[in-house]
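Okay, structure first, notes after.
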Amino acid sequence: MYIKTKYHGTIDIKKEEVFHFSNGIPGFIDEKEFVLLLLPENDLFHILQSTNTAELGFVVTNPFHFFKDYDFTLDDLTIEQLEKPNEKNIKVLSIVTVKEPLHKTTTNLQAPIVMNLANNKAKQIILNHTAYQTKHHIFAQPQNQVRRDNHARTN
């Protein structure tokens, strides 16, 4: 199917590439279907693009690339809504706010997006009672603290 996008123009996507957010995304509760789009020559950032609204595309990243100690546990309701994913099928993303100059760019660690890659169900969760905030500078850490693995846990 063809969709119009914020950053890639009109593109052809397959239905099996669409992630389903049954409750939408906070602030966009009517937006329930998104596709994850690659950025050319960039493996750290992607676009989470609404399939219905061309203007709605979020820059996202795997927060574990930038924050070595990022860690949280999924609550039982989220696990149920994602249909009990195992840890190897979970993809975690965080929404990025790109700023000028680039070193001021931030990401939202308080509200990660959790995806079950086995069934394409997804949910943005809000972490309560945590030190994580909505604006963490992603380029503020020393280079040796960058990593590429996930550490979201299921109960």
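Every chain in the structure tokens takes a letter, A first, then B, and so on in the order presented; its residues are numbered from 1, and the ligands are numbered from 1 following the presented order.
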
*asked:* Which residues are close to Phe19 of chain A, i.e. within 6 Å by only C-alpha atoms, leaving aside same-chain residues fewer than 4 positions away? Reply as a PyMOL selection string.
replied: chain A and resi 33-35+120-121

Can those selected residues be exported to a file as a compact mmCIF listing (two decimals), in the first residue's frame so that it contains N, CA, C and O atoms?
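selection-v3.txt was written with the following content:
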# COMPACT_ATOMS: atom_id res chain seq x y z
N GLU A 33 -1.53 3.13 13.64
CA GLU A 33 -0.68 2.34 12.75
C GLU A 33 0.51 3.17 12.28
O GLU A 33 0.36 4.27 11.76
N PHE A 34 1.69 2.58 12.49
CA PHE A 34 2.94 3.24 12.15
C PHE A 34 3.86 2.24 11.47
O PHE A 34 3.76 1.04 11.67
N VAL A 35 4.77 2.77 10.69
CA VAL A 35 5.80 1.96 10.05
C VAL A 35 7.15 2.55 10.43
O VAL A 35 7.28 3.77 10.60
N ASN A 120 3.99 -7.50 15.64
CA ASN A 120 3.89 -6.07 15.29
C ASN A 120 2.94 -5.27 16.16
O ASN A 120 2.39 -4.26 15.74
N LYS A 121 2.75 -5.71 17.38
CA LYS A 121 1.99 -4.91 18.35
C LYS A 121 3.00 -4.00 19.06
O LYS A 121 4.12 -4.40 19.34

*List every residue of segment 69-147 of chain A that DSSP, applied to the backbone of this structure, assigns to strand (DSSP E or B), and report them as a PyMOL selection string.*
chain A and resi 72-73+90-97+106-107+113-116+121-124+136-137

Write out, as a tab-separated table, each residue of segment 71-137 of chain A that has an atom at most 12 Å from segment 44-61 of chain A, together with the closest pair of atoms and their distance in Å to one decimal, counting only C-alpha atoms, rows going by chain and rising number.
residue	atom	partner	partner_atom	distance
A:Lys91	CA	A:Thr61	CA	10.4
A:Val92	CA	A:Thr61	CA	8.4
A:Leu93	CA	A:Thr61	CA	5.3
A:Ser94	CA	A:Val60	CA	5.4
A:Ile95	CA	A:Val60	CA	4.5
A:Val96	CA	A:Val60	CA	5.3
A:Thr97	CA	A:Val59	CA	7.2
A:Val98	CA	A:Val59	CA	7.9
A:Lys99	CA	A:Val59	CA	11.7
A:Thr105	CA	A:Val59	CA	11.0
A:Thr106	CA	A:Val60	CA	10.6
A:Thr107	CA	A:Val60	CA	8.2
A:Asn108	CA	A:Val60	CA	9.4
A:Leu109	CA	A:Thr61	CA	10.7
A:Ala111	CA	A:Val60	CA	11.9
A:Pro112	CA	A:Val60	CA	9.8
A:Ile113	CA	A:Val60	CA	9.2
A:Val114	CA	A:Thr61	CA	11.8
A:Met115	CA	A:Leu48	CA	11.7
A:Ala122	CA	A:Leu48	CA	11.5
A:Gln124	CA	A:Leu48	CA	12.0

Residues of the last selection are to be written out with N, CA and C atoms, as a compact mmCIF listing (two decimals), in the first residue's frame.
# COMPACT_ATOMS: atom_id res chain seq x y z
N LYS A 91 11.61 -4.86 20.76
CA LYS A 91 12.43 -3.75 20.25
C LYS A 91 12.00 -2.53 21.06
N VAL A 92 12.97 -1.81 21.56
CA VAL A 92 12.71 -0.60 22.34
C VAL A 92 13.24 0.60 21.57
N LEU A 93 12.41 1.62 21.47
CA LEU A 93 12.79 2.87 20.81
C LEU A 93 12.45 4.04 21.72
N SER A 94 13.12 5.14 21.50
CA SER A 94 12.75 6.38 22.20
C SER A 94 12.64 7.49 21.16
N ILE A 95 11.73 8.40 21.43
CA ILE A 95 11.50 9.52 20.51
C ILE A 95 12.57 10.58 20.74
N VAL A 96 13.14 11.05 19.64
CA VAL A 96 14.24 12.00 19.65
C VAL A 96 13.73 13.38 19.25
N THR A 97 14.23 14.39 19.94
CA THR A 97 13.99 15.78 19.54
C THR A 97 15.32 16.31 19.01
N VAL A 98 15.39 16.48 17.70
CA VAL A 98 16.61 16.94 17.05
C VAL A 98 16.70 18.45 17.21
N LYS A 99 17.87 18.91 17.68
CA LYS A 99 18.06 20.34 17.93
C LYS A 99 19.33 20.82 17.25
N THR A 105 20.63 17.71 21.00
CA THR A 105 19.54 16.77 20.70
C THR A 105 19.24 15.93 21.93
N THR A 106 17.95 15.69 22.18
CA THR A 106 17.52 14.92 23.35
C THR A 106 16.66 13.75 22.94
N THR A 107 16.50 12.80 23.88
CA THR A 107 15.59 11.69 23.66
C THR A 107 14.76 11.47 24.93
N ASN A 108 13.60 10.90 24.75
CA ASN A 108 12.65 10.69 25.83
C ASN A 108 12.82 9.29 26.42
N LEU A 109 13.50 9.21 27.55
CA LEU A 109 13.69 7.92 28.21
C LEU A 109 12.56 7.58 29.17
N ALA A 111 9.37 7.71 28.38
CA ALA A 111 8.24 7.14 27.65
C ALA A 111 8.73 6.34 26.44
N PRO A 112 9.37 5.20 26.69
CA PRO A 112 9.87 4.39 25.57
C PRO A 112 8.73 3.74 24.78
N ILE A 113 9.03 3.44 23.54
CA ILE A 113 8.12 2.68 22.69
C ILE A 113 8.61 1.24 22.70
N VAL A 114 7.71 0.33 23.01
CA VAL A 114 8.06 -1.08 23.09
C VAL A 114 7.29 -1.81 21.99
N MET A 115 8.02 -2.59 21.19
CA MET A 115 7.42 -3.30 20.06
C MET A 115 7.65 -4.79 20.20
N ALA A 122 2.56 -2.78 19.35
CA ALA A 122 3.45 -1.81 19.95
C ALA A 122 2.70 -0.93 20.93
N GLN A 124 3.55 2.77 23.48
CA GLN A 124 4.42 3.70 24.17
C GLN A 124 4.02 3.67 25.64

*Hey, which of A:Leu36, A:Asp76, A:Phe28, A:Leu117 ends up closest to Ile13 of chain A? Count only C-alpha atoms.*
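Selected residue with least distance to Ile13 of chain A: A:Leu36.
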
Based on the backbone DSSP call, show me all residues of segment 31-147 of chain A assigned alpha helix (DSSP H), as a PDB file with C-alpha atoms, in the first residue's frame.
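Final output, selection.pdb:
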ATOM      1  CA  ASP A  76       1.912  -7.036  33.437  1.00  0.00           C
ATOM      2  CA  LEU A  77      -0.664  -4.964  31.501  1.00  0.00           C
ATOM      3  CA  THR A  78       1.895  -4.017  28.833  1.00  0.00           C
ATOM      4  CA  ILE A  79       3.061  -7.616  28.548  1.00  0.00           C
ATOM      5  CA  GLU A  80      -0.562  -8.693  28.070  1.00  0.00           C
ATOM      6  CA  GLN A  81      -1.286  -5.950  25.494  1.00  0.00           C
TER       7      GLN A  81
END

*Quick one: distance from atom CA of Ser22 of chain A to atom CA of Lys88 of chain A in Å, one decimal?*
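Answer for the atom CA of Ser22 of chain A to atom CA of Lys88 of chain A separation: 21.7 Å.
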
_Which residues are near Ile3 of chain A? Cut-off 7 Å, only C-alpha atoms, ignore same chain within fewer than 3 positions. Put them as an MDAnalysis selection string._
chainID A and resid 10:12 51

_Residue with smallest distance to Tyr70 of chain A - pool A:Ile29, A:Ala118, A:Leu127, A:Leu102, counting only C-alpha atoms_ = A:Leu127
